[in-house]
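Dropping final-v3.csv in here (CSV, N, CA and C atoms):
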```csv
chain,number,residue,atom,x,y,z
A,1478,GLN,N,79.4,112.9,139.3
A,1478,GLN,CA,80.8,112.4,139.0
A,1478,GLN,C,81.6,113.5,138.3
A,1479,VAL,N,82.9,113.5,138.6
A,1479,VAL,CA,83.8,114.4,138.0
A,1479,VAL,C,84.9,113.7,137.3
A,1480,HIS,N,85.2,114.0,136.1
A,1480,HIS,CA,86.2,113.4,135.3
A,1480,HIS,C,87.4,114.4,135.2
A,1481,LEU,N,88.6,113.9,135.4
A,1481,LEU,CA,89.8,114.8,135.4
A,1481,LEU,C,90.7,114.2,134.3
A,1482,VAL,N,91.2,115.1,133.5
A,1482,VAL,CA,92.2,114.8,132.4
A,1482,VAL,C,93.4,115.6,132.6
A,1483,GLU,N,94.5,115.0,132.8
A,1483,GLU,CA,95.8,115.7,133.0
A,1483,GLU,C,96.6,115.7,131.7
A,1484,SER,N,97.5,116.7,131.5
A,1484,SER,CA,98.4,116.8,130.4
A,1484,SER,C,99.6,117.5,130.8
A,1485,GLY,N,100.7,117.4,130.0
A,1485,GLY,CA,101.9,118.2,130.2
A,1485,GLY,C,103.0,117.5,130.8
A,1486,GLY,N,102.9,116.2,131.2
A,1486,GLY,CA,104.0,115.5,131.8
A,1486,GLY,C,105.1,115.2,130.7
A,1487,GLY,N,106.2,114.7,131.1
A,1487,GLY,CA,107.2,114.3,130.1
A,1487,GLY,C,108.6,114.2,130.8
A,1488,LEU,N,109.6,114.2,129.9
A,1488,LEU,CA,111.0,114.1,130.3
A,1488,LEU,C,111.7,115.5,130.2
A,1489,VAL,N,112.4,115.9,131.3
A,1489,VAL,CA,113.0,117.2,131.2
A,1489,VAL,C,114.4,117.1,132.0
A,1490,GLN,N,115.3,117.9,131.6
A,1490,GLN,CA,116.6,117.9,132.3
A,1490,GLN,C,116.5,118.6,133.6
A,1491,ALA,N,117.4,118.3,134.5
A,1491,ALA,CA,117.4,119.0,135.8
A,1491,ALA,C,117.7,120.5,135.5
A,1492,GLY,N,116.9,121.3,136.3
A,1492,GLY,CA,117.0,122.7,136.1
A,1492,GLY,C,115.9,123.3,135.1
A,1493,GLY,N,115.3,122.4,134.4
A,1493,GLY,CA,114.3,122.8,133.4
A,1493,GLY,C,112.9,123.0,134.0
A,1494,SER,N,111.9,123.2,133.2
A,1494,SER,CA,110.6,123.5,133.6
A,1494,SER,C,109.6,122.7,132.8
A,1495,LEU,N,108.4,122.4,133.5
A,1495,LEU,CA,107.3,121.8,132.9
A,1495,LEU,C,106.0,122.4,133.4
A,1496,ARG,N,105.0,122.4,132.6
A,1496,ARG,CA,103.7,122.9,133.0
A,1496,ARG,C,102.7,121.8,132.9
A,1497,LEU,N,102.0,121.4,134.0
A,1497,LEU,CA,100.9,120.4,134.0
A,1497,LEU,C,99.6,121.1,134.0
A,1498,SER,N,98.6,120.6,133.3
A,1498,SER,CA,97.3,121.1,133.3
A,1498,SER,C,96.3,120.0,133.5
A,1499,CYS,N,95.2,120.3,134.1
A,1499,CYS,CA,94.1,119.4,134.4
A,1499,CYS,C,92.8,120.0,134.2
A,1500,VAL,N,92.0,119.3,133.4
A,1500,VAL,CA,90.6,119.9,133.1
A,1500,VAL,C,89.6,119.0,133.8
A,1501,ALA,N,88.7,119.6,134.5
A,1501,ALA,CA,87.6,118.8,135.2
A,1501,ALA,C,86.3,119.0,134.3
A,1502,SER,N,85.6,117.9,134.2
A,1502,SER,CA,84.3,117.9,133.6
A,1502,SER,C,83.3,117.1,134.3
A,1503,GLY,N,82.1,117.3,134.0
A,1503,GLY,CA,81.0,116.5,134.7
A,1503,GLY,C,80.3,117.4,135.7
A,1504,SER,N,80.1,116.9,136.9
A,1504,SER,CA,79.4,117.6,137.9
A,1504,SER,C,80.3,118.5,138.7
A,1505,THR,N,80.8,119.5,138.0
A,1505,THR,CA,81.7,120.4,138.6
A,1505,THR,C,81.0,121.6,139.2
A,1506,PHE,N,80.3,121.5,140.3
A,1506,PHE,CA,79.5,122.6,140.9
A,1506,PHE,C,79.9,122.7,142.3
A,1507,GLY,N,79.6,123.8,142.9
A,1507,GLY,CA,79.8,124.0,144.4
A,1507,GLY,C,81.2,124.4,144.7
A,1508,VAL,N,81.4,124.5,146.0
A,1508,VAL,CA,82.7,124.9,146.5
A,1508,VAL,C,83.7,123.7,146.4
A,1509,ASN,N,84.8,124.0,145.8
A,1509,ASN,CA,85.8,122.9,145.6
A,1509,ASN,C,87.2,123.3,145.7
A,1510,VAL,N,88.1,122.4,145.8
A,1510,VAL,CA,89.5,122.6,145.9
A,1510,VAL,C,90.1,121.6,144.9
A,1511,MET,N,91.0,122.2,144.0
A,1511,MET,CA,91.7,121.4,143.1
A,1511,MET,C,93.2,121.4,143.4
A,1512,GLY,N,93.9,120.3,143.0
A,1512,GLY,CA,95.3,120.3,143.4
A,1512,GLY,C,96.1,119.2,142.7
A,1513,TRP,N,97.3,119.2,143.0
A,1513,TRP,CA,98.2,118.2,142.5
A,1513,TRP,C,98.9,117.4,143.6
A,1514,TYR,N,99.0,116.1,143.4
A,1514,TYR,CA,99.7,115.2,144.3
A,1514,TYR,C,100.7,114.4,143.4
A,1515,ARG,N,101.7,113.9,144.0
A,1515,ARG,CA,102.7,113.1,143.3
A,1515,ARG,C,103.0,111.8,144.0
A,1516,GLN,N,103.4,110.8,143.3
A,1516,GLN,CA,103.8,109.5,143.9
A,1516,GLN,C,105.0,109.0,143.1
A,1517,ALA,N,106.1,108.9,143.9
A,1517,ALA,CA,107.3,108.3,143.3
A,1517,ALA,C,107.3,106.8,143.6
A,1518,PRO,N,108.1,106.0,142.8
A,1518,PRO,CA,108.1,104.6,143.0
A,1518,PRO,C,108.4,104.2,144.4
A,1519,GLY,N,107.6,103.3,145.0
A,1519,GLY,CA,107.8,102.8,146.3
A,1519,GLY,C,107.5,103.8,147.4
A,1520,LYS,N,106.9,104.9,147.1
A,1520,LYS,CA,106.6,105.9,148.1
A,1520,LYS,C,105.1,106.2,148.1
A,1521,GLN,N,104.7,106.9,149.1
A,1521,GLN,CA,103.2,107.2,149.2
A,1521,GLN,C,103.0,108.4,148.4
A,1522,ARG,N,101.7,108.7,148.1
A,1522,ARG,CA,101.2,109.8,147.4
A,1522,ARG,C,101.3,111.0,148.3
A,1523,ASP,N,101.9,112.1,147.8
A,1523,ASP,CA,102.1,113.3,148.7
A,1523,ASP,C,101.5,114.5,148.0
A,1524,LEU,N,101.1,115.4,148.8
A,1524,LEU,CA,100.7,116.7,148.4
A,1524,LEU,C,101.8,117.5,147.7
A,1525,VAL,N,101.4,118.2,146.5
A,1525,VAL,CA,102.3,119.1,145.9
A,1525,VAL,C,101.8,120.5,146.2
A,1526,ALA,N,100.5,120.8,145.7
A,1526,ALA,CA,99.9,122.1,145.9
A,1526,ALA,C,98.4,121.9,145.7
A,1527,THR,N,97.7,122.8,146.3
A,1527,THR,CA,96.2,122.9,146.1
A,1527,THR,C,95.8,124.3,146.0
A,1528,ILE,N,94.7,124.5,145.3
A,1528,ILE,CA,94.1,125.9,145.2
A,1528,ILE,C,92.6,125.8,145.3
A,1529,SER,N,92.0,126.7,146.0
A,1529,SER,CA,90.6,126.6,146.2
A,1529,SER,C,89.9,127.4,145.0
A,1530,ARG,N,88.6,127.2,145.0
A,1530,ARG,CA,87.8,127.9,144.0
A,1530,ARG,C,88.0,129.4,144.1
A,1531,PHE,N,88.4,129.9,145.3
A,1531,PHE,CA,88.5,131.3,145.6
A,1531,PHE,C,90.0,131.8,145.4
A,1532,GLY,N,90.9,130.9,145.0
A,1532,GLY,CA,92.3,131.2,144.8
A,1532,GLY,C,93.2,131.1,146.0
A,1533,ASN,N,92.7,130.5,147.1
A,1533,ASN,CA,93.6,130.2,148.2
A,1533,ASN,C,94.5,129.0,147.9
A,1534,THR,N,95.8,129.2,148.1
A,1534,THR,CA,96.8,128.2,147.7
A,1534,THR,C,97.5,127.6,148.9
A,1535,ASN,N,98.0,126.4,148.7
A,1535,ASN,CA,98.7,125.7,149.7
A,1535,ASN,C,99.8,124.8,149.0
A,1536,TYR,N,101.0,124.9,149.5
A,1536,TYR,CA,102.1,124.2,148.9
A,1536,TYR,C,102.9,123.3,149.9
A,1537,ALA,N,103.4,122.2,149.3
A,1537,ALA,CA,104.3,121.4,150.1
A,1537,ALA,C,105.6,122.2,150.2
A,1538,ASP,N,106.4,122.0,151.3
A,1538,ASP,CA,107.6,122.7,151.4
A,1538,ASP,C,108.5,122.5,150.2
A,1539,SER,N,108.5,121.3,149.6
A,1539,SER,CA,109.4,121.0,148.5
A,1539,SER,C,109.0,121.8,147.2
A,1540,ALA,N,107.8,122.3,147.2
A,1540,ALA,CA,107.3,123.0,146.0
A,1540,ALA,C,107.4,124.5,146.2
A,1541,LYS,N,107.5,125.0,147.4
A,1541,LYS,CA,107.5,126.4,147.6
A,1541,LYS,C,108.7,127.1,146.9
A,1542,GLY,N,108.4,128.2,146.2
A,1542,GLY,CA,109.5,128.9,145.5
A,1542,GLY,C,109.8,128.4,144.2
A,1543,ARG,N,109.4,127.2,143.8
A,1543,ARG,CA,109.7,126.6,142.5
A,1543,ARG,C,108.5,126.3,141.7
A,1544,PHE,N,107.4,125.9,142.4
A,1544,PHE,CA,106.1,125.6,141.7
A,1544,PHE,C,105.1,126.6,141.9
A,1545,THR,N,104.2,126.8,140.9
A,1545,THR,CA,103.1,127.8,141.1
A,1545,THR,C,101.8,127.1,140.5
A,1546,ILE,N,100.8,127.0,141.4
A,1546,ILE,CA,99.6,126.5,141.0
A,1546,ILE,C,98.6,127.6,140.7
A,1547,SER,N,97.8,127.4,139.7
A,1547,SER,CA,96.8,128.4,139.3
A,1547,SER,C,95.6,127.8,138.7
A,1548,ARG,N,94.5,128.5,138.8
A,1548,ARG,CA,93.2,128.1,138.2
A,1548,ARG,C,93.0,129.0,137.0
A,1549,ASP,N,93.1,128.4,135.8
A,1549,ASP,CA,92.9,129.2,134.6
A,1549,ASP,C,91.5,129.5,134.4
A,1550,ASN,N,90.6,128.7,134.8
A,1550,ASN,CA,89.2,129.0,134.9
A,1550,ASN,C,88.6,128.1,136.0
A,1551,ALA,N,87.3,128.1,136.1
A,1551,ALA,CA,86.7,127.3,137.2
A,1551,ALA,C,87.0,125.8,137.1
A,1552,ASN,N,87.3,125.3,136.0
A,1552,ASN,CA,87.4,123.8,135.9
A,1552,ASN,C,88.8,123.4,135.4
A,1553,THR,N,89.8,124.3,135.4
A,1553,THR,CA,91.1,124.0,134.9
A,1553,THR,C,92.1,124.5,135.9
A,1554,VAL,N,93.0,123.6,136.3
A,1554,VAL,CA,94.1,123.9,137.2
A,1554,VAL,C,95.4,123.6,136.5
A,1555,SER,N,96.4,124.4,136.7
A,1555,SER,CA,97.7,124.2,136.1
A,1555,SER,C,98.8,124.3,137.2
A,1556,LEU,N,99.9,123.6,136.9
A,1556,LEU,CA,101.0,123.6,137.9
A,1556,LEU,C,102.3,123.9,137.0
A,1557,GLN,N,102.8,125.1,137.3
A,1557,GLN,CA,104.1,125.5,136.6
A,1557,GLN,C,105.2,125.1,137.5
A,1558,MET,N,106.1,124.2,137.0
A,1558,MET,CA,107.2,123.7,137.8
A,1558,MET,C,108.5,124.1,137.2
A,1559,ASN,N,109.2,124.9,138.0
A,1559,ASN,CA,110.5,125.4,137.6
A,1559,ASN,C,111.7,124.8,138.4
A,1560,ARG,N,112.8,124.9,137.9
A,1560,ARG,CA,114.0,124.4,138.6
A,1560,ARG,C,113.8,123.0,139.1
A,1561,LEU,N,113.4,122.1,138.2
A,1561,LEU,CA,113.1,120.7,138.5
A,1561,LEU,C,114.4,120.0,138.8
A,1562,ASN,N,114.3,119.0,139.7
A,1562,ASN,CA,115.4,118.2,140.0
A,1562,ASN,C,115.0,116.7,140.1
A,1563,ALA,N,115.9,115.8,140.2
A,1563,ALA,CA,115.6,114.4,140.1
A,1563,ALA,C,114.6,114.0,141.1
A,1564,GLU,N,114.6,114.6,142.3
A,1564,GLU,CA,113.6,114.3,143.3
A,1564,GLU,C,112.2,114.6,143.0
A,1565,ASP,N,112.0,115.4,141.9
A,1565,ASP,CA,110.6,115.7,141.5
A,1565,ASP,C,110.1,114.6,140.5
A,1566,THR,N,110.9,113.6,140.2
A,1566,THR,CA,110.4,112.5,139.3
A,1566,THR,C,109.3,111.7,140.0
A,1567,ALA,N,108.2,111.6,139.4
A,1567,ALA,CA,107.0,111.0,140.0
A,1567,ALA,C,105.9,111.0,139.0
A,1568,VAL,N,104.9,110.2,139.4
A,1568,VAL,CA,103.6,110.4,138.7
A,1568,VAL,C,102.8,111.4,139.4
A,1569,TYR,N,102.3,112.4,138.6
A,1569,TYR,CA,101.6,113.5,139.2
A,1569,TYR,C,100.1,113.3,138.9
A,1570,TYR,N,99.3,113.5,140.0
A,1570,TYR,CA,97.9,113.2,139.9
A,1570,TYR,C,97.1,114.5,140.2
A,1571,CYS,N,96.1,114.8,139.4
A,1571,CYS,CA,95.2,115.9,139.6
A,1571,CYS,C,94.2,115.4,140.6
A,1572,ASN,N,93.8,116.3,141.5
A,1572,ASN,CA,92.8,116.0,142.5
A,1572,ASN,C,91.7,117.0,142.6
A,1573,TYR,N,90.5,116.6,142.8
A,1573,TYR,CA,89.3,117.5,142.9
A,1573,TYR,C,88.5,117.1,144.1
A,1574,VAL,N,88.3,118.0,145.0
A,1574,VAL,CA,87.5,117.8,146.2
A,1574,VAL,C,86.4,118.8,146.2
A,1575,ARG,N,85.2,118.3,146.3
A,1575,ARG,CA,84.0,119.1,146.4
A,1575,ARG,C,83.6,119.1,147.9
A,1576,LEU,N,83.6,120.3,148.5
A,1576,LEU,CA,83.3,120.4,149.9
A,1576,LEU,C,81.8,120.5,150.1
A,1577,LEU,N,81.3,119.5,150.9
A,1577,LEU,CA,79.9,119.4,151.1
A,1577,LEU,C,79.5,119.6,152.6
A,1578,GLY,N,80.4,120.1,153.4
A,1578,GLY,CA,80.1,120.3,154.8
A,1578,GLY,C,80.6,119.2,155.6
A,1579,THR,N,79.8,118.3,155.9
A,1579,THR,CA,80.2,117.1,156.8
A,1579,THR,C,80.9,116.1,156.0
A,1580,THR,N,80.7,116.0,154.7
A,1580,THR,CA,81.4,115.0,153.9
A,1580,THR,C,81.9,115.7,152.6
A,1581,ASN,N,82.9,115.1,152.0
A,1581,ASN,CA,83.4,115.6,150.7
A,1581,ASN,C,83.4,114.6,149.6
A,1582,ASP,N,83.3,115.0,148.4
A,1582,ASP,CA,83.4,114.2,147.2
A,1582,ASP,C,84.9,114.4,146.7
A,1583,GLU,N,85.6,113.3,146.4
A,1583,GLU,CA,87.0,113.4,146.0
A,1583,GLU,C,87.1,112.6,144.7
A,1584,TYR,N,87.9,113.2,143.8
A,1584,TYR,CA,88.1,112.5,142.5
A,1584,TYR,C,89.6,112.6,142.2
A,1585,TRP,N,90.1,111.7,141.4
A,1585,TRP,CA,91.5,111.7,141.0
A,1585,TRP,C,91.6,111.5,139.5
A,1586,GLY,N,92.6,112.1,138.9
A,1586,GLY,CA,92.9,111.9,137.5
A,1586,GLY,C,93.7,110.6,137.4
A,1587,GLN,N,94.1,110.2,136.1
A,1587,GLN,CA,94.8,109.0,135.9
A,1587,GLN,C,96.3,109.1,136.1
A,1588,GLY,N,96.8,110.3,136.2
A,1588,GLY,CA,98.2,110.6,136.5
A,1588,GLY,C,99.0,110.8,135.2
A,1589,THR,N,100.0,111.7,135.4
A,1589,THR,CA,100.9,111.9,134.3
A,1589,THR,C,102.3,111.9,134.8
A,1590,GLN,N,103.2,111.2,134.0
A,1590,GLN,CA,104.6,110.9,134.4
A,1590,GLN,C,105.4,112.2,134.2
A,1591,VAL,N,106.2,112.5,135.2
A,1591,VAL,CA,107.2,113.6,135.1
A,1591,VAL,C,108.5,112.9,135.5
A,1592,THR,N,109.5,113.0,134.5
A,1592,THR,CA,110.8,112.4,134.7
A,1592,THR,C,111.8,113.5,134.6
A,1593,VAL,N,112.7,113.7,135.6
A,1593,VAL,CA,113.7,114.7,135.5
A,1593,VAL,C,115.1,114.0,135.5
A,1594,SER,N,115.8,114.2,134.4
A,1594,SER,CA,117.1,113.5,134.3
A,1594,SER,C,118.2,114.4,134.8
A,1595,SER,N,119.1,113.8,135.5
A,1595,SER,CA,120.2,114.6,136.2
A,1595,SER,C,121.4,114.6,135.3
```

What would you get if you wrote out this structure as structure tokens?
Amino acid sequence: QVHLVESGGGLVQAGGSLRLSCVASGSTFGVNVMGWYRQAPGKQRDLVATISRFGNTNYADSAKGRFTISRDNANTVSLQMNRLNAEDTAVYYCNYVRLLGTTNDEYWGQGTQVTVSS
């Protein structure tokens, strides 16, 4: 079992910045990918960015050029969000996927609210 704890959400004005962090604990072994997803009211949960244990990154088009994902250490992932706009308002969820070959283990954090005021 992997436990994820997010921090760093809040209220920010349009054009501002926020930094989200997520710490994984528990059975954090093996090849894994950590990332951030977000869900706005009435919408599905969408990818924001992911980063592998080896530093390979993947971004949603909406995040490219504005957001930067990084792994501060093996069990901590951060998301630096710049030039935020109202469309970025959502609950942001940390995600951890352990790659096991034919199957994967997947875990989610409890979510942290990001609200961008225009």

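If you count only C-alpha atoms and draw a sphere of 8 Å around (95.7, 121.2, 132.8), the protein and nucleic acid residues inside it come out as Val1482, Glu1483, Ser1484, Gly1485, Leu1497, Ser1498, Cys1499, Val1500, Thr1553, Val1554, Ser1555 and Leu1556 of chain A.
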
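In this comparison, which uses all atoms listed in the file, the residue of A:Thr1579, A:Ala1537, A:Asp1549, A:Tyr1584 approaching Leu1481 of chain A most closely is A:Tyr1584.
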
Residues within 12 Å of (94.5, 106.6, 135.7), file coords, only C-alpha atoms, listed as number ranges by chain: A: 1480-1483, 1568-1572, 1584-1590

Write the residues you've just listed into a file as a PDB file, in the frame of the given file, and include N, CA and C atoms for each of them.
```pdb
ATOM      1  N   HIS A1480      85.200 114.000 136.100  1.00  0.00           N
ATOM      2  CA  HIS A1480      86.200 113.400 135.300  1.00  0.00           C
ATOM      3  C   HIS A1480      87.400 114.400 135.200  1.00  0.00           C
ATOM      4  N   LEU A1481      88.600 113.900 135.400  1.00  0.00           N
ATOM      5  CA  LEU A1481      89.800 114.800 135.400  1.00  0.00           C
ATOM      6  C   LEU A1481      90.700 114.200 134.300  1.00  0.00           C
ATOM      7  N   VAL A1482      91.200 115.100 133.500  1.00  0.00           N
ATOM      8  CA  VAL A1482      92.200 114.800 132.400  1.00  0.00           C
ATOM      9  C   VAL A1482      93.400 115.600 132.600  1.00  0.00           C
ATOM     10  N   GLU A1483      94.500 115.000 132.800  1.00  0.00           N
ATOM     11  CA  GLU A1483      95.800 115.700 133.000  1.00  0.00           C
ATOM     12  C   GLU A1483      96.600 115.700 131.700  1.00  0.00           C
ATOM     13  N   VAL A1568     104.900 110.200 139.400  1.00  0.00           N
ATOM     14  CA  VAL A1568     103.600 110.400 138.700  1.00  0.00           C
ATOM     15  C   VAL A1568     102.800 111.400 139.400  1.00  0.00           C
ATOM     16  N   TYR A1569     102.300 112.400 138.600  1.00  0.00           N
ATOM     17  CA  TYR A1569     101.600 113.500 139.200  1.00  0.00           C
ATOM     18  C   TYR A1569     100.100 113.300 138.900  1.00  0.00           C
ATOM     19  N   TYR A1570      99.300 113.500 140.000  1.00  0.00           N
ATOM     20  CA  TYR A1570      97.900 113.200 139.900  1.00  0.00           C
ATOM     21  C   TYR A1570      97.100 114.500 140.200  1.00  0.00           C
ATOM     22  N   CYS A1571      96.100 114.800 139.400  1.00  0.00           N
ATOM     23  CA  CYS A1571      95.200 115.900 139.600  1.00  0.00           C
ATOM     24  C   CYS A1571      94.200 115.400 140.600  1.00  0.00           C
ATOM     25  N   ASN A1572      93.800 116.300 141.500  1.00  0.00           N
ATOM     26  CA  ASN A1572      92.800 116.000 142.500  1.00  0.00           C
ATOM     27  C   ASN A1572      91.700 117.000 142.600  1.00  0.00           C
ATOM     28  N   TYR A1584      87.900 113.200 143.800  1.00  0.00           N
ATOM     29  CA  TYR A1584      88.100 112.500 142.500  1.00  0.00           C
ATOM     30  C   TYR A1584      89.600 112.600 142.200  1.00  0.00           C
ATOM     31  N   TRP A1585      90.100 111.700 141.400  1.00  0.00           N
ATOM     32  CA  TRP A1585      91.500 111.700 141.000  1.00  0.00           C
ATOM     33  C   TRP A1585      91.600 111.500 139.500  1.00  0.00           C
ATOM     34  N   GLY A1586      92.600 112.100 138.900  1.00  0.00           N
ATOM     35  CA  GLY A1586      92.900 111.900 137.500  1.00  0.00           C
ATOM     36  C   GLY A1586      93.700 110.600 137.400  1.00  0.00           C
ATOM     37  N   GLN A1587      94.100 110.200 136.100  1.00  0.00           N
ATOM     38  CA  GLN A1587      94.800 109.000 135.900  1.00  0.00           C
ATOM     39  C   GLN A1587      96.300 109.100 136.100  1.00  0.00           C
ATOM     40  N   GLY A1588      96.800 110.300 136.200  1.00  0.00           N
ATOM     41  CA  GLY A1588      98.200 110.600 136.500  1.00  0.00           C
ATOM     42  C   GLY A1588      99.000 110.800 135.200  1.00  0.00           C
ATOM     43  N   THR A1589     100.000 111.700 135.400  1.00  0.00           N
ATOM     44  CA  THR A1589     100.900 111.900 134.300  1.00  0.00           C
ATOM     45  C   THR A1589     102.300 111.900 134.800  1.00  0.00           C
ATOM     46  N   GLN A1590     103.200 111.200 134.000  1.00  0.00           N
ATOM     47  CA  GLN A1590     104.600 110.900 134.400  1.00  0.00           C
ATOM     48  C   GLN A1590     105.400 112.200 134.200  1.00  0.00           C
TER      49      GLN A1590
END
```

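Among A:Leu1576, A:Val1489, A:Ala1567, A:Thr1534, the residue with the shortest atom-to-atom distance to Tyr1514 of chain A, counting only N, CA and C atoms, is A:Ala1567.
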
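What separates atom CA of Ser1547 of chain A from atom CA of Gly1503 of chain A is a distance of 20.3 Å.
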
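In this structure, atom CA of Asn1533 of chain A sits 26.5 Å away from atom CA of Gly1493 of chain A.
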
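Atom CA of Ile1528 of chain A lies 14.4 Å from atom CA of Gly1507 of chain A.
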
Using the chain letters and numbers from this document, which residues of chain A does DSSP assign to strand (DSSP E), as an MDAnalysis selection string? chainID A and resid 1479:1484 1487:1490 1495:1503 1509:1516 1522:1529 1534:1536 1544:1550 1553:1558 1567:1576 1581:1585 1589:1594

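For the choices A:Gln1478, A:Thr1592, A:Ser1494, A:Thr1545, the atom-to-atom distance to Gln1516 of chain A is smallest for A:Thr1592 when using only C-alpha atoms.
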
Give me, as a list in words, all polymer residues having an atom no more than 7 Å from Leu1561 of chain A, counting all atoms listed in the file and skipping those fewer than 5 positions away in the same chain. Gln1490, Ala1491, Gly1492, Gly1493, Ser1494, Leu1495 and Val1593 of chain A

From the options A:Ala1517, A:Ala1526, A:Val1479, A:Val1510, which residue's atoms come nearest to Gln1557 of chain A, counting only C-alpha atoms? A:Ala1526

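Across A:Ala1501, A:Val1508, A:Ala1563, A:Leu1524, the tightest approach to Ser1594 of chain A is made by A:Ala1563 when counting only C-alpha atoms.
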
Generate all heavy atoms for segment 1534-1540 of chain A and emit them as a PDB file, in the coordinates of the input.
```pdb
ATOM      1  N   THR A1534      95.800 129.200 148.100  1.00  0.00           N
ATOM      2  CA  THR A1534      96.800 128.200 147.700  1.00  0.00           C
ATOM      3  C   THR A1534      97.500 127.600 148.900  1.00  0.00           C
ATOM      4  O   THR A1534      97.597 128.229 149.966  1.00  0.00           O
ATOM      5  CB  THR A1534      97.856 128.723 146.746  1.00  0.00           C
ATOM      6  OG1 THR A1534      98.543 129.814 147.385  1.00  0.00           O
ATOM      7  CG2 THR A1534      97.237 129.207 145.457  1.00  0.00           C
ATOM      8  N   ASN A1535      98.000 126.400 148.700  1.00  0.00           N
ATOM      9  CA  ASN A1535      98.700 125.700 149.700  1.00  0.00           C
ATOM     10  C   ASN A1535      99.800 124.800 149.000  1.00  0.00           C
ATOM     11  O   ASN A1535      99.479 124.171 148.055  1.00  0.00           O
ATOM     12  CB  ASN A1535      97.796 124.738 150.563  1.00  0.00           C
ATOM     13  CG  ASN A1535      98.546 123.976 151.624  1.00  0.00           C
ATOM     14  OD1 ASN A1535      99.334 124.545 152.372  1.00  0.00           O
ATOM     15  ND2 ASN A1535      98.318 122.677 151.702  1.00  0.00           N
ATOM     16  N   TYR A1536     101.000 124.900 149.500  1.00  0.00           N
ATOM     17  CA  TYR A1536     102.100 124.200 148.900  1.00  0.00           C
ATOM     18  C   TYR A1536     102.900 123.300 149.900  1.00  0.00           C
ATOM     19  O   TYR A1536     103.043 123.696 151.024  1.00  0.00           O
ATOM     20  CB  TYR A1536     103.147 125.233 148.308  1.00  0.00           C
ATOM     21  CG  TYR A1536     102.662 126.057 147.137  1.00  0.00           C
ATOM     22  CD1 TYR A1536     102.056 127.291 147.334  1.00  0.00           C
ATOM     23  CD2 TYR A1536     102.834 125.601 145.837  1.00  0.00           C
ATOM     24  CE1 TYR A1536     101.627 128.049 146.265  1.00  0.00           C
ATOM     25  CE2 TYR A1536     102.410 126.363 144.757  1.00  0.00           C
ATOM     26  CZ  TYR A1536     101.801 127.583 144.982  1.00  0.00           C
ATOM     27  OH  TYR A1536     101.381 128.339 143.905  1.00  0.00           O
ATOM     28  N   ALA A1537     103.400 122.200 149.300  1.00  0.00           N
ATOM     29  CA  ALA A1537     104.300 121.400 150.100  1.00  0.00           C
ATOM     30  C   ALA A1537     105.600 122.200 150.200  1.00  0.00           C
ATOM     31  O   ALA A1537     105.930 123.027 149.315  1.00  0.00           O
ATOM     32  CB  ALA A1537     104.540 120.092 149.433  1.00  0.00           C
ATOM     33  N   ASP A1538     106.400 122.000 151.300  1.00  0.00           N
ATOM     34  CA  ASP A1538     107.600 122.700 151.400  1.00  0.00           C
ATOM     35  C   ASP A1538     108.500 122.500 150.200  1.00  0.00           C
ATOM     36  O   ASP A1538     109.259 123.398 149.778  1.00  0.00           O
ATOM     37  CB  ASP A1538     108.349 122.224 152.682  1.00  0.00           C
ATOM     38  CG  ASP A1538     107.678 122.746 153.945  1.00  0.00           C
ATOM     39  OD1 ASP A1538     106.877 123.699 153.843  1.00  0.00           O
ATOM     40  OD2 ASP A1538     107.948 122.191 155.029  1.00  0.00           O
ATOM     41  N   SER A1539     108.500 121.300 149.600  1.00  0.00           N
ATOM     42  CA  SER A1539     109.400 121.000 148.500  1.00  0.00           C
ATOM     43  C   SER A1539     109.000 121.800 147.200  1.00  0.00           C
ATOM     44  O   SER A1539     109.817 121.892 146.317  1.00  0.00           O
ATOM     45  CB  SER A1539     109.337 119.488 148.196  1.00  0.00           C
ATOM     46  OG  SER A1539     108.008 119.088 147.881  1.00  0.00           O
ATOM     47  N   ALA A1540     107.800 122.300 147.200  1.00  0.00           N
ATOM     48  CA  ALA A1540     107.300 123.000 146.000  1.00  0.00           C
ATOM     49  C   ALA A1540     107.400 124.500 146.200  1.00  0.00           C
ATOM     50  O   ALA A1540     107.413 125.243 145.162  1.00  0.00           O
ATOM     51  CB  ALA A1540     105.838 122.639 145.761  1.00  0.00           C
TER      52      ALA A1540
END
```
